[in-house]
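Scroll down for the structure; my scribbles are underneath it.
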Amino acid sequence: MNEEQPKIESSAFGGYKRPGIVTLLSIIEFFVAAVWIIISIALIIGMVHSQYNNFMYMAIVAIALGIINFFCGYGLWNLKSYGRTIMLVFSFIGLLGFPFGTIISILLLIYFYKPGIKIIFSQRDPATLTADEIRQVTDLQSSNPLIIGTMVVILMSFAIPIIGIIAAIAIPNFLNARDRARQIRTRMEIQNIAAAVESYKNDHNAYPETLPVQQLQSLLVPKYIDKIYVQDAWKNDFRYIAWKENPESVGPDNYIIASAGKDGVWEENDMKEYTEKVTCSFRNDIVLKNNVLIQQPQGPQMEADPAVQCD
């Protein structure tokens, strides 16, 4: 009695049925591509708000990797030869990731160099296959669920730490960029208020008296400025004081507008005590006196004690 010939399974759209492991790998590639794109978006946002050019280069690399991972996943999903080629390249590079990357890459190389995998990705006409080649293909198409599950565990145990490392780098950069953007916006709002105060002086020969910023707003808007914000970008109230030094002045001839920075804690109880200072912490106050920023951030900023001296 002749042994029954194994039958090659085909997909609903024709062609070879995709092996379970290939399906799994394609999904992982799509997932990794999505992670890279999300990271690139965060880096682009950081670049726009912080004006750090190094974010741009990092974003370009992340986008490129995301595109490559996407095409790898797409190629694997549709059994395109370039999908297997990209996967082989990734596997060869992964050999450098000793020990886990090396082990996983070796397993992937063994799998993707199997004769049956070569046949599936070559899209050869099943009618031209020999009995041995048919058996090689059908063995792959009937992958043991236990093997697939093991592959999931191995690959995710490798992928999750890598994603964690990437996130550990990208997220702090993103948060730093967000605070940098708030710092820049706060400084601009202080300068906008100062411009309106200067216009007020041109009409009244004196600056407005010391007032809560909410009352100062009603004094300046809309005649001297269309709109001012009473809070900085961290939702802390601005502070405005004015005083008279020249006895001959008709009213206040000095003023200060300030933000307490990210932490909302004022560095000086008496605002007249502020002196010229360059800051490097998001928690430092931002201070403008008589239309000149006397305490302002310069260079890279960090989450540090406001008392720390900048280099």
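Ordering of the structure tokens sets the chain letters (A, B, ...), residue numbers begin anew at 1 in every chain, and ligands are numbered from 1 in the order given.
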Next on the checklist: as an NGL selection string, please: the residues near Pro126 in chain A (cut-off 9 Å, only C-alpha atoms, same-chain neighbours under 2 positions excluded).
Outcome noted: :A and (8 or 15-16 or 123-124 or 128-130 or 134)
With N, CA, C and O atoms retained, write the just-selected residues as an mmCIF file, in the first residue's frame.
```cif
data_model
loop_
_atom_site.group_PDB
_atom_site.id
_atom_site.type_symbol
_atom_site.label_atom_id
_atom_site.label_comp_id
_atom_site.auth_asym_id
_atom_site.auth_seq_id
_atom_site.Cartn_x
_atom_site.Cartn_y
_atom_site.Cartn_z
ATOM 1 N N ILE A 8 0.168 20.096 0.856
ATOM 2 C CA ILE A 8 0.569 21.445 1.244
ATOM 3 C C ILE A 8 -0.672 22.294 1.465
ATOM 4 O O ILE A 8 -1.583 22.322 0.629
ATOM 5 N N GLY A 15 -1.487 30.599 -2.737
ATOM 6 C CA GLY A 15 -0.112 30.546 -2.269
ATOM 7 C C GLY A 15 0.001 29.679 -1.032
ATOM 8 O O GLY A 15 -0.952 29.035 -0.589
ATOM 9 N N TYR A 16 1.183 29.656 -0.457
ATOM 10 C CA TYR A 16 1.440 28.817 0.701
ATOM 11 C C TYR A 16 0.772 29.381 1.958
ATOM 12 O O TYR A 16 0.657 30.603 2.118
ATOM 13 N N GLN A 123 8.139 31.102 -3.104
ATOM 14 C CA GLN A 123 6.848 31.045 -3.802
ATOM 15 C C GLN A 123 6.899 30.128 -5.035
ATOM 16 O O GLN A 123 6.271 30.403 -6.063
ATOM 17 N N ARG A 124 7.643 29.052 -4.908
ATOM 18 C CA ARG A 124 7.683 28.078 -6.002
ATOM 19 C C ARG A 124 6.323 27.420 -6.177
ATOM 20 O O ARG A 124 5.571 27.242 -5.218
ATOM 21 N N THR A 128 5.701 21.722 -8.661
ATOM 22 C CA THR A 128 7.076 21.405 -9.060
ATOM 23 C C THR A 128 7.894 20.814 -7.918
ATOM 24 O O THR A 128 9.065 20.485 -8.108
ATOM 25 N N LEU A 129 7.291 20.678 -6.737
ATOM 26 C CA LEU A 129 8.038 20.208 -5.573
ATOM 27 C C LEU A 129 8.139 18.685 -5.569
ATOM 28 O O LEU A 129 7.218 17.975 -5.990
ATOM 29 N N THR A 130 9.255 18.206 -5.052
ATOM 30 C CA THR A 130 9.431 16.770 -4.874
ATOM 31 C C THR A 130 8.712 16.336 -3.601
ATOM 32 O O THR A 130 8.269 17.171 -2.800
ATOM 33 N N ILE A 134 7.841 18.646 -0.351
ATOM 34 C CA ILE A 134 6.470 18.795 0.146
ATOM 35 C C ILE A 134 6.413 18.487 1.641
ATOM 36 O O ILE A 134 5.780 19.198 2.424
#
```
Next on the checklist: Can you pull out every residue from range 208-292 of chain A that DSSP, working from the backbone, puts in strand (DSSP E or B), and format the result as an NGL selection string?
Outcome noted: :A and (231 or 237 or 239-243 or 254-259 or 277-281 or 286-289 or 292)
Checklist entry - So which residues touch Leu216 in chain A within 10 Å, counting only C-alpha atoms, skipping near sequence neighbours fewer than 3 positions away, as a list of chain:residue names? => result A:Ile193, A:Val197, A:Pro208, A:Glu209, A:Thr210, A:Leu211, A:Pro212, A:Val213, A:Leu219, A:Leu220, A:Val221, A:Ile228, A:Val230, A:Tyr240
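If you look at CA of Lys118 in chain A and CA of Thr85 in chain A, they are 10.5 Å away from each other.
For the atom pair formed by CA of Arg239 in chain A and CA of Ile257 in chain A, the distance is 5.6 Å, given to one decimal.
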For range 35-40 of chain A: contacts at 7 Å, only C-alpha atoms, fewer than 6 positions along chain excluded, given as an mmCIF file with N, CA and C atoms, in the first residue's frame:
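Here's the written file out.cif:
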```
data_model
loop_
_atom_site.group_PDB
_atom_site.id
_atom_site.type_symbol
_atom_site.label_atom_id
_atom_site.label_comp_id
_atom_site.auth_asym_id
_atom_site.auth_seq_id
_atom_site.Cartn_x
_atom_site.Cartn_y
_atom_site.Cartn_z
ATOM 1 N N ALA A 59 15.546 60.915 16.213
ATOM 2 C CA ALA A 59 14.231 60.669 15.619
ATOM 3 C C ALA A 59 14.369 60.051 14.233
ATOM 4 N N ALA A 62 15.213 56.453 14.666
ATOM 5 C CA ALA A 62 14.042 55.705 15.140
ATOM 6 C C ALA A 62 13.042 55.478 14.013
ATOM 7 N N ILE A 63 12.817 56.495 13.183
ATOM 8 C CA ILE A 63 11.893 56.348 12.052
ATOM 9 C C ILE A 63 12.419 55.306 11.065
ATOM 10 N N LEU A 65 14.445 52.780 11.635
ATOM 11 C CA LEU A 65 14.300 51.442 12.213
ATOM 12 C C LEU A 65 12.843 50.993 12.195
ATOM 13 N N GLY A 66 11.931 51.932 12.471
ATOM 14 C CA GLY A 66 10.509 51.593 12.430
ATOM 15 C C GLY A 66 10.068 51.160 11.046
ATOM 16 N N ALA A 170 14.318 57.332 26.150
ATOM 17 C CA ALA A 170 13.438 58.264 25.437
ATOM 18 C C ALA A 170 12.523 59.049 26.368
#
```
Checklist entry - Can you tell me how far CA of Cys280 in chain A sits from CA of Val292 in chain A, in Å to one decimal? => result 18.4 Å
Next on the checklist: Using only C-alpha atoms, can you tell me which of A:Gln136, A:Asn291, A:Ser91, A:Gln301 comes closest to Ile110 in chain A?
Outcome noted: A:Ser91
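The environment of Val278 in chain A within 7 Å, counting only C-alpha atoms and disregarding residues fewer than 6 places along the same chain, consists of A:Gln295, A:Gln296, A:Pro297, A:Gln298.
By chain and then residue number, the residues within 10 Å of Asn192 in chain A are Thr186, Arg187, Met188, Glu189, Ala195, Ala196, Val197, Glu198, Ile225, Lys227, Ile228, Tyr229 and Asn291 of chain A, counting only C-alpha atoms and disregarding those fewer than 3 positions away in sequence.
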